[in-house]
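Colleague: Could you have a look at this structure, given as C-alpha cells, before my questions?
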Amino acid sequence: MKTAFAFAAMLTAAPFLAPLAAGQAHAADNSAPLRFVLIPKTVHPWFDKANNGAQAAAAMISQATGRKVEIEYRAPQTADVSSQNDIIERAIATHPDGLILDLLDEKGNRATMDEAVDEKIPMTVFDSLPPEGMDITAVGADFCEQGTMAAERLANLVGKKGEVAIMMGVPTAPNHTLRAECEKKVFAKYPDMKVVATGVDNDSIETAQKQASAIMQAHPDLVGWVECDASGPVGVGQAIRESGKTGKVKEVGLDNLNDMIQLIKDGVAESSASSRPEMQGYWAVVSAWQRAMGQKTPKYIDTGIDLLTSKNL
Amino acid sequence: MSLETTVPAAPSQQPPKLPPLKALVSRLAGNPLGGVIAALVIIFGASCALSPHFLTTFNMMIIARALAFIGLVTIGQSVLMILGELDLSVGAIGGLAGVVGGILMVQLGLNPWLSLGLCLLMGGGCGLLNGALITQLRLHSLVLTIGMAGVYGGANLVATKGVAITGVPRDITFLGRGLVMGVPVPFLVLLVCLAIVAFIMLRTPVGRYIYAIGSNPDAARMLGIRVNAIRMGAFALAGFLSALAGILMVARLGTAQPSIGDTWVLGPIAAAVIGGVATTGGIGSPIGAVLGAVIIGIIEDIIVLFGISPYWQSVVSGGIVVLAISFDALARRYLNRDAV
C-alpha cells in the first residue's frame with residue numbers, strides 16, 4: 001500500500017512540479033533549508049497520517065531539487081480555536097517559508113491568518129476551507145461528497161428504510177457540519193428512512209462510544225449509523241460490538257484510521273468513505289513549496305475519496 | 001556619653017557577609033515573590049539563549065496577548081484560593097459570557113458596548129450565584145462549582161447549539177486585536193485589573209479580611225468580619241473577570257466560539273500555585289499568580305518555537321512547571337541548611 005501511495009503521489013505530482021521544469025539533475029543545494037510549519041486541528045492519528053504524507057512530499061522535493069525541505073509538525077493539544085491561533089502566531093514568530101493549516105474555524109482563525117499575511121508568510125490550508133477573500137490554496141476532499149457517499153451506502157445496505165442515527169464531530173468544524181448536512185439530505189430523500197438521533201462526539205472516540213451506546217439503548221430499532229469525523233466511527237463501532245449488535249446495526253464509517261480498518265476487517269463496520277489524509281498532507285506541501293518558489297497555485301486541489309471495504313483493504 | 005558610643009557592638013550582632021550569589025538568593029528567598037521571579041528570570045534567560053525567535057517584538061506581543069486572557073481568570077482564581085476556595089466554573093462562565101455577548105450583539109442587534117456591560121454583569125452574577133449557593137447551603141466550593149460548570153457549559157450549548165456566532169461588530173474587535181503603542185489592548189486590560197485587585201488585596205481592609213478568612217475563617221468570624229459577604233464578593237469578582245476574559249476573546253477571534261474557556265480551568269490554578277498562592281488559603285498574592293501565568297505562557301511559547309513533538313509537549317511543559325514550583329523550595333532549603 002505504501003509503494004502504491006508513493007507511486008501515485010509521484011505520478012500525480014508531475015504536472016505540478018513547475019519549478020523543476022528545467023529537468024536537470026540536481027546537485028546538493030547549500031542554501032538554507034526550506035521550512036514549512038504544519039498545524040492541524042489537534043493531536044489526532046488522522047493528522048499523523050497527513051503529516052506522513054507531508055514528510056513524503058518534503059523528502060521528494062529535497063531529493064528532486066537538492067535543497068532540503070523541513071516540515072515542522074505543531075499540533076494544539078485540544079481542538080480549540082484560540083489554542084490553534086496561539087500555535088499559529090508562535091509559528092509566525094519563527095518566520096517559516098510557509099504555513100500549512102487545517103483550520104478549526106476559518107472565521108475564528110481569520111485575525112491570526114491576517115498576521116501571517118502582514119508578515120508575508122504564504123499559507124496553504126488542507127482539510128478545511130480558507131476565509132473568504134484570501135488567496136490561499138485549499139487541499140482536501142469534497143466533504144459533502146464524502147458524507148453523501150457514506151449515507152447512500154448505508155441507505156442501500158438497509159434497504160432504504162428504518163431508523164438511522166448520525167454522529168456529529170465537532171459542531172463548530174465546518175467540514176464536520178457539512179458532512180452531517182449532506183448525510184441528512186440523503187436520508188431525507190427516502191420516505192421510509194428516519195434520522196432518530198444525532199450525537200456529538202467532539203472528535204473523541206470515548207465520547208462517541210458513550211453517546212452511541214446511549215442512543216442505541218433509547219432506539220432499539222436503530223438499523224444504521226453514519227458519522228462526520230474520524231473518531232466517531234471508531235467509537236460507534238466499539239459501541240455496536242459491545243452491545244452485541246454487530247450485523248444487526250450497520251455502520252458506514254469515515255476515513256482510514258487503523259481502528260476503522262480493523263472494524264471493517266472484523267465485520268463490525270461494512271465500509272468507510274475515506275478521505276486521503278496522506279494525500280492531503282502531500283499536496284499541501286507541494287502547494288506550499290510552489291508558493292515559496294513564487295509560483296501560482298490552484299485555488300483547490302481535490303485529493304479524492306476512497307470507499308474502503310473488506311474486499312479492497 | 002551615651003552607652004551606644006562607649007560600648008562597641010558585639011561582633012555577633014553584625015549580619016554575616018554573604019558571597020554575592022548567596023546574597024542574591026538570600027534576598028530573593030526573603031521576598032514572597034522571590035522564588036517565582038527567580039524561576040521566571042531563569043526560564044526567560046534560557047529561552048533567549050536557546051531560540052533566536054524568542055526575544056522579538058512580535059513574539060513578545062504574542063506572549064503578552066495570550067497571557068491576558070488566562071491572566072484575568074488567574075487573578076480571580078488566586079483571590080479565591082487566598083480565601084481558601086476554588087471555582088472550577090470560571091472557564092464555563094467565560095465561555096457563556098462570550099456567546100451571550102455574541103447573541104446580544106449579532107442576533108439581537110444590541111449596542112456592542114451595552115452588550116459588553118451586560119455580559120460582565122452576567123459573569124459577576126454567575127459568580128455571585130456560586131458564592132451564594134456555597135455560603136447559604138454550606139457546600140464545598142470544589143463540588144458546587146463542578147456542578148455549576150456543567151450548568152453554565154450546558155447553557156452555552158443550548159444557546160449556540162454548538163455553532164459559533166459570527167459577525168461580531170468591528171466596534172469591539174479593537175479590544176481583542178488592537179495595539180496601543182505596540183502593546184496589545186487585552187494585556188493593558190490585564191494590567192489595569194491586576195493593579196486594582198492587587199491594591200484591594202494589599203492596601204485595603206477588605207484585602208486583609210480575605211487573608212484573615214483564608215488563614216482561619218472561624219477566627220475571622222469571631223473578629224466580626226462578614227465572612228460570607230466577602231466570600232460571595234470574591235466569587236462575584238472571579239465571575240466578572242472570567243466574563244471579561246470571555247468577551248475579550250470574542251473580540252480577539254471576531255466570533256463567539258462555544259469552546260471559549262474550555263482551557264481556563266486548570267491553567268489558572270497551576271499559575272497561582274507556581275506564583276506562591278497556597279491551596280490551603282491565606283498565603284500568596286494576585287501578582288505572584290500572574291507571574292506564574294507568565295511562566296506557563298513562556299513555556300507554551302518555547303515549546304512551539306523549539307518545535308517539540310506534540311506528543312511530548314505535555315511532558316515537557318509539566319516537567320518545567322514542576323521545576324519552577326520546586327525552585328522556591330530548593331532555594332529556601334539551601335539557605336536553611338547553611339543557617340544551621
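Labels for the C-alpha cells follow display order: chains A, B, ..., residues from 1 in each chain, ligands from 1.
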Using only C-alpha atoms, select each residue of chain B with any atom at most 6 Å away from an atom of chain A, and give the selection as a list in words.
Modeller: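 Residues passing the distance filter: His53, Asn59, Gly162, Val163, Leu253, Thr255 and Pro310 of chain B.
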Colleague: Grab the residues selected above and save them as a compact mmCIF listing (two decimals), in the first residue's frame with N, CA and C atoms.
Modeller:
```txt
# COMPACT_ATOMS: atom_id res chain seq x y z
N HIS B 53 14.26 33.24 17.92
CA HIS B 53 12.94 33.81 17.63
C HIS B 53 12.24 34.30 18.89
N ASN B 59 7.11 38.21 18.95
CA ASN B 59 6.88 37.10 19.88
C ASN B 59 6.48 37.61 21.26
N GLY B 162 -23.88 24.60 19.76
CA GLY B 162 -22.51 24.22 19.43
C GLY B 162 -21.93 24.96 18.24
N VAL B 163 -22.68 25.88 17.67
CA VAL B 163 -22.22 26.58 16.47
C VAL B 163 -21.76 28.00 16.84
N LEU B 253 -11.20 36.90 18.48
CA LEU B 253 -11.49 35.95 17.40
C LEU B 253 -12.41 36.56 16.34
N THR B 255 -15.45 36.05 16.47
CA THR B 255 -16.60 35.15 16.53
C THR B 255 -16.77 34.72 17.98
N PRO B 310 4.27 17.25 19.36
CA PRO B 310 3.03 17.45 20.13
C PRO B 310 2.80 16.37 21.17
```
Colleague: Taking the DSSP assignment computed from this structure's backbone, write out as a PyMOL selection string all residues of range 170-206 of chain B that belong to strand (DSSP E or B).
Modeller: chain B and resi 179-180+183-184
Colleague: Store the residues picked out above in a file with N, CA and C atoms, as a short mmCIF file (atom, residue, chain, number, x, y, z; two decimals), in the first residue's frame.
Modeller:
```cif
data_model
loop_
_atom_site.label_atom_id
_atom_site.label_comp_id
_atom_site.auth_asym_id
_atom_site.auth_seq_id
_atom_site.Cartn_x
_atom_site.Cartn_y
_atom_site.Cartn_z
N LEU B 179 -3.70 47.38 19.27
CA LEU B 179 -2.43 47.67 19.93
C LEU B 179 -2.42 49.13 20.35
N VAL B 180 -1.90 49.41 21.52
CA VAL B 180 -1.68 50.79 21.96
C VAL B 180 -0.18 50.94 22.18
N VAL B 183 1.55 47.72 22.36
CA VAL B 183 1.15 46.79 23.44
C VAL B 183 -0.28 46.32 23.17
N PRO B 184 -0.52 45.00 23.18
CA PRO B 184 -1.88 44.51 22.92
C PRO B 184 -2.88 45.04 23.96
#
```
Colleague: Please determine, counting only C-alpha atoms, which residue among A:Val226, A:Ile39, A:Ala57, A:Met193 has the shortest atom-to-atom distance to Met123 in chain A.
Modeller: A:Ile39
Colleague: Taking only C-alpha atoms into account, which of B:Leu142, B:Val151, B:Leu72, B:Ile165 comes nearest Gln257 in chain B?
Modeller: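 Using only C-alpha atoms, the shortest distance to Gln257 in chain B belongs to B:Ile165.
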Colleague: Using only C-alpha atoms, which residues sit within 7 Å of range 231-243 of chain A once same-chain residues fewer than 6 positions away are excluded, as a count of residues only?
Modeller: 18
Colleague: Which of these residues is nearest to Lys265 in chain A, using only C-alpha atoms: A:Ala197, A:Val125, A:Leu308, A:Ile100?
Modeller: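 Of the candidates, the smallest distance to Lys265 in chain A is held by A:Leu308.
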Colleague: Can you list, as number ranges by chain, every protein, DNA or RNA residue that comes within 12 Å of Lys184 in chain A when you count only C-alpha atoms, leaving out same-chain residues fewer than 2 positions away?
Modeller: A: 144, 147-152, 155, 164-168, 177-182, 186-190, 193-198, 225-228
Colleague: With distances taken over only C-alpha atoms, which residue among A:Asp192, A:Glu163, A:Glu106, A:Asp97 lies nearest Gln84 in chain A?
Modeller: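 Nearest candidate to Gln84 in chain A out of A:Asp192, A:Glu163, A:Glu106, A:Asp97: A:Glu106.
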Colleague: Quick one: DSSP helix (DSSP H, G or I) residues in range 215-297 of chain B, as number ranges by chain?
Modeller: B: 215, 217-222, 227-253, 266-274, 286-297
Colleague: Just how far from CA of Leu86 in chain B is CA of Gly102 in chain B, in Å to one decimal?
Modeller: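 If I compute the distance from CA of Gly102 in chain B to CA of Leu86 in chain B, I get 27.9 Å.
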Colleague: Please report the interatomic distance between CA of Val249 in chain A and CA of Val158 in chain A in Å with one decimal.
Modeller: 9.1 Å
Colleague: So which one's closest to Asp302 in chain A, A:Ala218, A:Ala116, A:Leu129, A:Leu34? Using only C-alpha atoms, please.
Modeller: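 Result for the nearest residue to Asp302 in chain A: A:Leu129.
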Colleague: My list of candidates is B:Ile302, B:Val206, B:Ala289, B:Ala245. Which is closest to Ala46 in chain B when distances are computed with only C-alpha atoms?
Modeller: B:Ile302
Colleague: May I have the residues within 9 Å of range 275-282 of chain A as a PDB file with N, CA and C atoms, in the first residue's frame, using only C-alpha atoms and disregarding those fewer than 2 positions away in the same chain?
Modeller:
```pdb
ATOM      1  N   PHE A   5       1.025   4.096  -2.810  1.00  0.00           N
ATOM      2  CA  PHE A   5       0.808   5.506  -2.461  1.00  0.00           C
ATOM      3  C   PHE A   5       1.944   6.377  -3.001  1.00  0.00           C
ATOM      4  N   ALA A   9       1.569   9.197  -5.793  1.00  0.00           N
ATOM      5  CA  ALA A   9       1.933  10.568  -5.438  1.00  0.00           C
ATOM      6  C   ALA A   9       2.922  11.135  -6.442  1.00  0.00           C
ATOM      7  N   LEU A  38       3.459  22.790   9.743  1.00  0.00           N
ATOM      8  CA  LEU A  38       2.150  22.156   9.528  1.00  0.00           C
ATOM      9  C   LEU A  38       1.376  22.156  10.852  1.00  0.00           C
ATOM     10  N   TRP A  46      -5.422  10.889  12.623  1.00  0.00           N
ATOM     11  CA  TRP A  46      -5.695  11.294  11.231  1.00  0.00           C
ATOM     12  C   TRP A  46      -4.656  12.306  10.766  1.00  0.00           C
ATOM     13  N   PHE A  47      -4.298  13.212  11.651  1.00  0.00           N
ATOM     14  CA  PHE A  47      -3.331  14.238  11.280  1.00  0.00           C
ATOM     15  C   PHE A  47      -1.913  13.672  11.228  1.00  0.00           C
ATOM     16  N   ASP A  48      -1.668  12.602  11.994  1.00  0.00           N
ATOM     17  CA  ASP A  48      -0.371  11.936  11.878  1.00  0.00           C
ATOM     18  C   ASP A  48      -0.201  11.377  10.467  1.00  0.00           C
ATOM     19  N   LYS A  49      -1.316  10.858   9.940  1.00  0.00           N
ATOM     20  CA  LYS A  49      -1.253  10.351   8.559  1.00  0.00           C
ATOM     21  C   LYS A  49      -1.005  11.502   7.575  1.00  0.00           C
ATOM     22  N   ALA A  50      -1.679  12.623   7.807  1.00  0.00           N
ATOM     23  CA  ALA A  50      -1.443  13.795   6.948  1.00  0.00           C
ATOM     24  C   ALA A  50       0.020  14.223   7.050  1.00  0.00           C
ATOM     25  N   ASN A  51       0.561  14.168   8.258  1.00  0.00           N
ATOM     26  CA  ASN A  51       1.975  14.533   8.464  1.00  0.00           C
ATOM     27  C   ASN A  51       2.894  13.557   7.726  1.00  0.00           C
ATOM     28  N   ASN A  52       2.520  12.264   7.728  1.00  0.00           N
ATOM     29  CA  ASN A  52       3.327  11.286   6.975  1.00  0.00           C
ATOM     30  C   ASN A  52       3.392  11.672   5.497  1.00  0.00           C
ATOM     31  N   GLY A  53       2.241  12.056   4.952  1.00  0.00           N
ATOM     32  CA  GLY A  53       2.202  12.479   3.552  1.00  0.00           C
ATOM     33  C   GLY A  53       3.039  13.729   3.334  1.00  0.00           C
ATOM     34  N   ALA A  54       2.969  14.644   4.308  1.00  0.00           N
ATOM     35  CA  ALA A  54       3.743  15.890   4.203  1.00  0.00           C
ATOM     36  C   ALA A  54       5.245  15.584   4.211  1.00  0.00           C
ATOM     37  N   GLN A  55       5.653  14.682   5.086  1.00  0.00           N
ATOM     38  CA  GLN A  55       7.071  14.319   5.164  1.00  0.00           C
ATOM     39  C   GLN A  55       7.524  13.648   3.868  1.00  0.00           C
ATOM     40  N   ALA A  56       6.618  12.830   3.271  1.00  0.00           N
ATOM     41  CA  ALA A  56       6.952  12.170   1.998  1.00  0.00           C
ATOM     42  C   ALA A  56       7.162  13.215   0.905  1.00  0.00           C
ATOM     43  N   ALA A  57       6.303  14.225   0.887  1.00  0.00           N
ATOM     44  CA  ALA A  57       6.449  15.281  -0.123  1.00  0.00           C
ATOM     45  C   ALA A  57       7.746  16.054   0.094  1.00  0.00           C
ATOM     46  N   ALA A  58       8.065  16.326   1.367  1.00  0.00           N
ATOM     47  CA  ALA A  58       9.303  17.063   1.668  1.00  0.00           C
ATOM     48  C   ALA A  58      10.519  16.269   1.199  1.00  0.00           C
ATOM     49  N   ILE A 100       1.130  25.592   6.752  1.00  0.00           N
ATOM     50  CA  ILE A 100       0.162  24.636   6.214  1.00  0.00           C
ATOM     51  C   ILE A 100      -0.838  24.364   7.330  1.00  0.00           C
ATOM     52  N   PHE A 126      -5.467  22.729   4.368  1.00  0.00           N
ATOM     53  CA  PHE A 126      -5.917  21.395   3.949  1.00  0.00           C
ATOM     54  C   PHE A 126      -7.057  20.964   4.865  1.00  0.00           C
ATOM     55  N   ASP A 127      -7.878  20.054   4.370  1.00  0.00           N
ATOM     56  CA  ASP A 127      -8.986  19.506   5.155  1.00  0.00           C
ATOM     57  C   ASP A 127      -9.925  20.603   5.644  1.00  0.00           C
ATOM     58  N   VAL A 139      -6.484  22.331  -0.010  1.00  0.00           N
ATOM     59  CA  VAL A 139      -6.288  20.935  -0.408  1.00  0.00           C
ATOM     60  C   VAL A 139      -7.257  20.090   0.399  1.00  0.00           C
ATOM     61  N   GLY A 140      -8.002  19.247  -0.241  1.00  0.00           N
ATOM     62  CA  GLY A 140      -8.919  18.406   0.528  1.00  0.00           C
ATOM     63  C   GLY A 140      -9.851  17.631  -0.356  1.00  0.00           C
ATOM     64  N   ALA A 141     -10.753  16.955   0.297  1.00  0.00           N
ATOM     65  CA  ALA A 141     -11.773  16.213  -0.442  1.00  0.00           C
ATOM     66  C   ALA A 141     -13.064  17.014  -0.372  1.00  0.00           C
ATOM     67  N   ASP A 142     -13.996  16.634  -1.220  1.00  0.00           N
ATOM     68  CA  ASP A 142     -15.304  17.280  -1.170  1.00  0.00           C
ATOM     69  C   ASP A 142     -16.053  16.664   0.010  1.00  0.00           C
ATOM     70  N   PHE A 143     -16.170  17.451   1.084  1.00  0.00           N
ATOM     71  CA  PHE A 143     -16.744  16.905   2.320  1.00  0.00           C
ATOM     72  C   PHE A 143     -18.176  16.451   2.119  1.00  0.00           C
ATOM     73  N   GLN A 146     -18.245  13.180   0.435  1.00  0.00           N
ATOM     74  CA  GLN A 146     -17.851  12.104   1.357  1.00  0.00           C
ATOM     75  C   GLN A 146     -19.043  11.681   2.221  1.00  0.00           C
ATOM     76  N   LEU A 254     -16.125   6.674   8.347  1.00  0.00           N
ATOM     77  CA  LEU A 254     -15.394   7.702   7.609  1.00  0.00           C
ATOM     78  C   LEU A 254     -13.901   7.498   7.856  1.00  0.00           C
ATOM     79  N   ASP A 255     -13.136   7.791   6.837  1.00  0.00           N
ATOM     80  CA  ASP A 255     -11.678   7.846   6.937  1.00  0.00           C
ATOM     81  C   ASP A 255     -11.021   6.488   7.202  1.00  0.00           C
ATOM     82  N   ASN A 256      -9.708   6.532   7.410  1.00  0.00           N
ATOM     83  CA  ASN A 256      -8.958   5.269   7.378  1.00  0.00           C
ATOM     84  C   ASN A 256      -8.024   5.092   8.564  1.00  0.00           C
ATOM     85  N   ALA A 273     -16.113   5.627   3.956  1.00  0.00           N
ATOM     86  CA  ALA A 273     -15.843   6.619   2.912  1.00  0.00           C
ATOM     87  C   ALA A 273     -14.656   7.435   3.400  1.00  0.00           C
ATOM     88  N   ALA A 284      -0.517  19.444   0.110  1.00  0.00           N
ATOM     89  CA  ALA A 284      -0.416  20.727   0.821  1.00  0.00           C
ATOM     90  C   ALA A 284       1.040  21.202   0.822  1.00  0.00           C
ATOM     91  N   VAL A 285       1.975  20.265   1.002  1.00  0.00           N
ATOM     92  CA  VAL A 285       3.396  20.637   0.986  1.00  0.00           C
ATOM     93  C   VAL A 285       3.830  21.041  -0.418  1.00  0.00           C
ATOM     94  N   VAL A 286       3.373  20.295  -1.415  1.00  0.00           N
ATOM     95  CA  VAL A 286       3.732  20.646  -2.791  1.00  0.00           C
ATOM     96  C   VAL A 286       3.242  22.064  -3.107  1.00  0.00           C
ATOM     97  N   SER A 287       2.005  22.347  -2.699  1.00  0.00           N
ATOM     98  CA  SER A 287       1.442  23.676  -2.949  1.00  0.00           C
ATOM     99  C   SER A 287       2.217  24.757  -2.179  1.00  0.00           C
ATOM    100  N   ILE A 301      -7.291  21.848  -4.640  1.00  0.00           N
ATOM    101  CA  ILE A 301      -6.766  20.557  -5.090  1.00  0.00           C
ATOM    102  C   ILE A 301      -7.601  19.475  -4.416  1.00  0.00           C
ATOM    103  N   ASP A 302      -8.332  18.713  -5.218  1.00  0.00           N
ATOM    104  CA  ASP A 302      -9.200  17.658  -4.690  1.00  0.00           C
ATOM    105  C   ASP A 302      -8.419  16.360  -4.652  1.00  0.00           C
ATOM    106  N   THR A 303      -8.241  15.816  -3.460  1.00  0.00           N
ATOM    107  CA  THR A 303      -7.448  14.586  -3.329  1.00  0.00           C
ATOM    108  C   THR A 303      -8.313  13.329  -3.373  1.00  0.00           C
ATOM    109  N   GLY A 304      -9.611  13.494  -3.517  1.00  0.00           N
ATOM    110  CA  GLY A 304     -10.484  12.348  -3.749  1.00  0.00           C
ATOM    111  C   GLY A 304     -10.884  11.568  -2.502  1.00  0.00           C
ATOM    112  N   ILE A 305     -11.788  10.616  -2.718  1.00  0.00           N
ATOM    113  CA  ILE A 305     -12.332   9.812  -1.613  1.00  0.00           C
ATOM    114  C   ILE A 305     -12.290   8.336  -2.023  1.00  0.00           C
ATOM    115  N   ASP A 306     -11.881   7.492  -1.095  1.00  0.00           N
ATOM    116  CA  ASP A 306     -11.885   6.042  -1.325  1.00  0.00           C
ATOM    117  C   ASP A 306     -13.064   5.422  -0.590  1.00  0.00           C
ATOM    118  N   LEU A 307     -13.633   4.386  -1.156  1.00  0.00           N
ATOM    119  CA  LEU A 307     -14.597   3.598  -0.386  1.00  0.00           C
ATOM    120  C   LEU A 307     -13.883   2.324   0.043  1.00  0.00           C
TER     121      LEU A 307
END
```
Colleague: Can you pull out the residues contacting Gly91 in chain B? Cut-off 10 Å, using only C-alpha atoms, and skip same-chain residues under 5 positions away; I want them as a tab-separated table (two decimals) with all heavy atoms, in the first residue's frame.
Modeller:
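Wrote it out as out.tsv, contents follow:
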```
chain	number	residue	atom	x	y	z
B	70	ILE	N	-5.77	34.30	30.02
B	70	ILE	CA	-5.58	33.38	31.15
B	70	ILE	C	-5.24	34.16	32.41
B	70	ILE	O	-5.61	33.77	33.53
B	70	ILE	CB	-4.48	32.34	30.81
B	70	ILE	CG1	-4.67	31.05	31.61
B	70	ILE	CG2	-3.10	32.85	30.99
B	70	ILE	CD1	-5.65	30.12	31.04
B	73	VAL	N	-8.37	35.44	34.32
B	73	VAL	CA	-9.02	34.36	35.08
B	73	VAL	C	-8.15	34.01	36.30
B	73	VAL	O	-8.67	33.72	37.38
B	73	VAL	CB	-9.23	33.11	34.18
B	73	VAL	CG1	-9.95	32.01	34.94
B	73	VAL	CG2	-10.01	33.49	32.94
B	96	LEU	N	-19.69	31.24	28.50
B	96	LEU	CA	-21.10	31.66	28.43
B	96	LEU	C	-21.20	33.17	28.19
B	96	LEU	O	-22.01	33.61	27.36
B	96	LEU	CB	-21.81	31.29	29.75
B	96	LEU	CG	-23.30	31.60	29.80
B	96	LEU	CD1	-24.06	30.85	28.72
B	96	LEU	CD2	-23.88	31.24	31.18
B	97	ALA	N	-20.35	33.94	28.86
B	97	ALA	CA	-20.38	35.40	28.66
B	97	ALA	C	-20.05	35.73	27.20
B	97	ALA	O	-20.66	36.61	26.60
B	97	ALA	CB	-19.38	36.07	29.59
B	149	ALA	N	-20.26	24.40	36.64
B	149	ALA	CA	-19.57	24.42	35.35
B	149	ALA	C	-20.42	23.68	34.31
B	149	ALA	O	-20.52	24.10	33.15
B	149	ALA	CB	-18.20	23.76	35.47
B	152	TYR	N	-23.43	26.10	33.43
B	152	TYR	CA	-23.06	27.21	32.53
B	152	TYR	C	-22.62	26.68	31.16
B	152	TYR	O	-22.95	27.27	30.14
B	152	TYR	CB	-21.94	28.05	33.16
B	152	TYR	CG	-22.30	28.66	34.49
B	152	TYR	CD1	-21.40	28.66	35.56
B	152	TYR	CD2	-23.55	29.24	34.69
B	152	TYR	CE1	-21.73	29.20	36.79
B	152	TYR	CE2	-23.89	29.79	35.93
B	152	TYR	CZ	-22.97	29.76	36.97
B	152	TYR	OH	-23.31	30.29	38.19
B	153	GLY	N	-21.86	25.58	31.16
B	153	GLY	CA	-21.43	24.99	29.89
B	153	GLY	C	-22.63	24.49	29.09
B	153	GLY	O	-22.69	24.64	27.87
B	239	GLY	N	-16.11	35.65	38.74
B	239	GLY	CA	-17.04	35.54	37.61
B	239	GLY	C	-16.92	36.74	36.68
B	239	GLY	O	-16.92	36.60	35.45
B	242	SER	N	-13.71	36.49	34.65
B	242	SER	CA	-13.82	35.43	33.64
B	242	SER	C	-14.67	35.92	32.47
B	242	SER	O	-14.34	35.65	31.31
B	242	SER	CB	-14.47	34.18	34.24
B	242	SER	OG	-13.74	33.75	35.35
B	243	ALA	N	-15.76	36.61	32.78
B	243	ALA	CA	-16.60	37.15	31.71
B	243	ALA	C	-15.83	38.16	30.88
B	243	ALA	O	-15.95	38.20	29.65
B	243	ALA	CB	-17.85	37.80	32.31
B	245	ALA	N	-12.61	38.15	30.37
B	245	ALA	CA	-11.72	37.37	29.51
B	245	ALA	C	-12.49	36.78	28.33
B	245	ALA	O	-12.00	36.77	27.20
B	245	ALA	CB	-11.05	36.25	30.33
B	246	GLY	N	-13.70	36.29	28.59
B	246	GLY	CA	-14.52	35.70	27.52
B	246	GLY	C	-14.87	36.72	26.45
B	246	GLY	O	-14.76	36.45	25.25
B	259	SER	N	-16.46	27.08	22.42
B	259	SER	CA	-15.33	26.43	23.12
B	259	SER	C	-14.51	27.41	23.95
B	259	SER	O	-13.58	26.99	24.65
B	259	SER	CB	-14.42	25.74	22.10
B	259	SER	OG	-13.85	26.69	21.23
B	260	ILE	N	-14.84	28.69	23.91
B	260	ILE	CA	-14.07	29.66	24.71
B	260	ILE	C	-14.13	29.26	26.19
B	260	ILE	O	-15.20	28.94	26.70
B	260	ILE	CB	-14.64	31.09	24.51
B	260	ILE	CG1	-14.30	31.60	23.11
B	260	ILE	CG2	-14.08	32.06	25.57
B	260	ILE	CD1	-14.93	32.93	22.77
B	261	GLY	N	-13.00	29.29	26.83
B	261	GLY	CA	-12.96	29.00	28.26
B	261	GLY	C	-12.71	27.54	28.60
B	261	GLY	O	-12.45	27.21	29.76
B	262	ASP	N	-12.74	26.67	27.60
B	262	ASP	CA	-12.54	25.24	27.89
B	262	ASP	C	-11.19	24.98	28.55
B	262	ASP	O	-11.05	24.02	29.31
B	262	ASP	CB	-12.62	24.42	26.59
B	262	ASP	CG	-14.06	24.25	26.11
B	262	ASP	OD1	-14.98	24.73	26.81
B	262	ASP	OD2	-14.27	23.65	25.04
B	263	THR	N	-10.20	25.81	28.23
B	263	THR	CA	-8.85	25.55	28.76
B	263	THR	C	-8.49	26.50	29.91
B	263	THR	O	-7.33	26.64	30.26
B	263	THR	CB	-7.80	25.71	27.64
B	263	THR	OG1	-7.95	27.02	27.06
B	263	THR	CG2	-7.99	24.67	26.56
B	264	TRP	N	-9.50	27.14	30.49
B	264	TRP	CA	-9.22	28.12	31.54
B	264	TRP	C	-9.47	27.59	32.95
B	264	TRP	O	-9.60	28.38	33.89
B	264	TRP	CB	-10.10	29.36	31.34
B	264	TRP	CG	-9.79	30.14	30.10
B	264	TRP	CD1	-8.73	29.96	29.25
B	264	TRP	CD2	-10.55	31.22	29.54
B	264	TRP	NE1	-8.79	30.85	28.22
B	264	TRP	CE2	-9.89	31.65	28.37
B	264	TRP	CE3	-11.72	31.88	29.93
B	264	TRP	CZ2	-10.37	32.69	27.58
B	264	TRP	CZ3	-12.18	32.91	29.15
B	264	TRP	CH2	-11.51	33.32	27.98
B	265	VAL	N	-9.54	26.32	33.10
B	265	VAL	CA	-9.88	25.78	34.43
B	265	VAL	C	-8.61	25.46	35.23
B	265	VAL	O	-8.38	26.04	36.30
B	265	VAL	CB	-10.77	24.53	34.31
B	265	VAL	CG1	-11.12	24.01	35.70
B	265	VAL	CG2	-12.04	24.87	33.54
B	266	LEU	N	-7.79	24.57	34.70
B	266	LEU	CA	-6.62	24.12	35.47
B	266	LEU	C	-5.44	25.09	35.35
B	266	LEU	O	-4.66	25.24	36.30
B	266	LEU	CB	-6.21	22.72	35.03
B	266	LEU	CG	-7.26	21.64	35.31
B	266	LEU	CD1	-6.77	20.28	34.84
B	266	LEU	CD2	-7.61	21.58	36.79
B	268	PRO	N	-5.15	28.46	35.33
B	268	PRO	CA	-5.06	29.50	36.36
B	268	PRO	C	-4.73	28.95	37.75
B	268	PRO	O	-4.01	29.61	38.52
B	268	PRO	CB	-6.47	30.12	36.35
B	268	PRO	CG	-6.95	29.90	34.96
B	268	PRO	CD	-6.40	28.56	34.57
```
Colleague: What lies within 9 Å of range 218-229 of chain B using only C-alpha atoms, ignoring chain neighbours under 5 positions off, as a list in words?
Modeller: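 These residues fall inside the cut-off: Gly131, Ala132, Thr135, Gln136, Tyr209, Ile210, Ala212, Ile213 and Ala234 of chain B.
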Colleague: What gap, in Å, lies between CA of Thr145 in chain B and CA of Arg252 in chain B?
Modeller: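 Going from CA of Thr145 in chain B over to CA of Arg252 in chain B, I get 27.1 Å.
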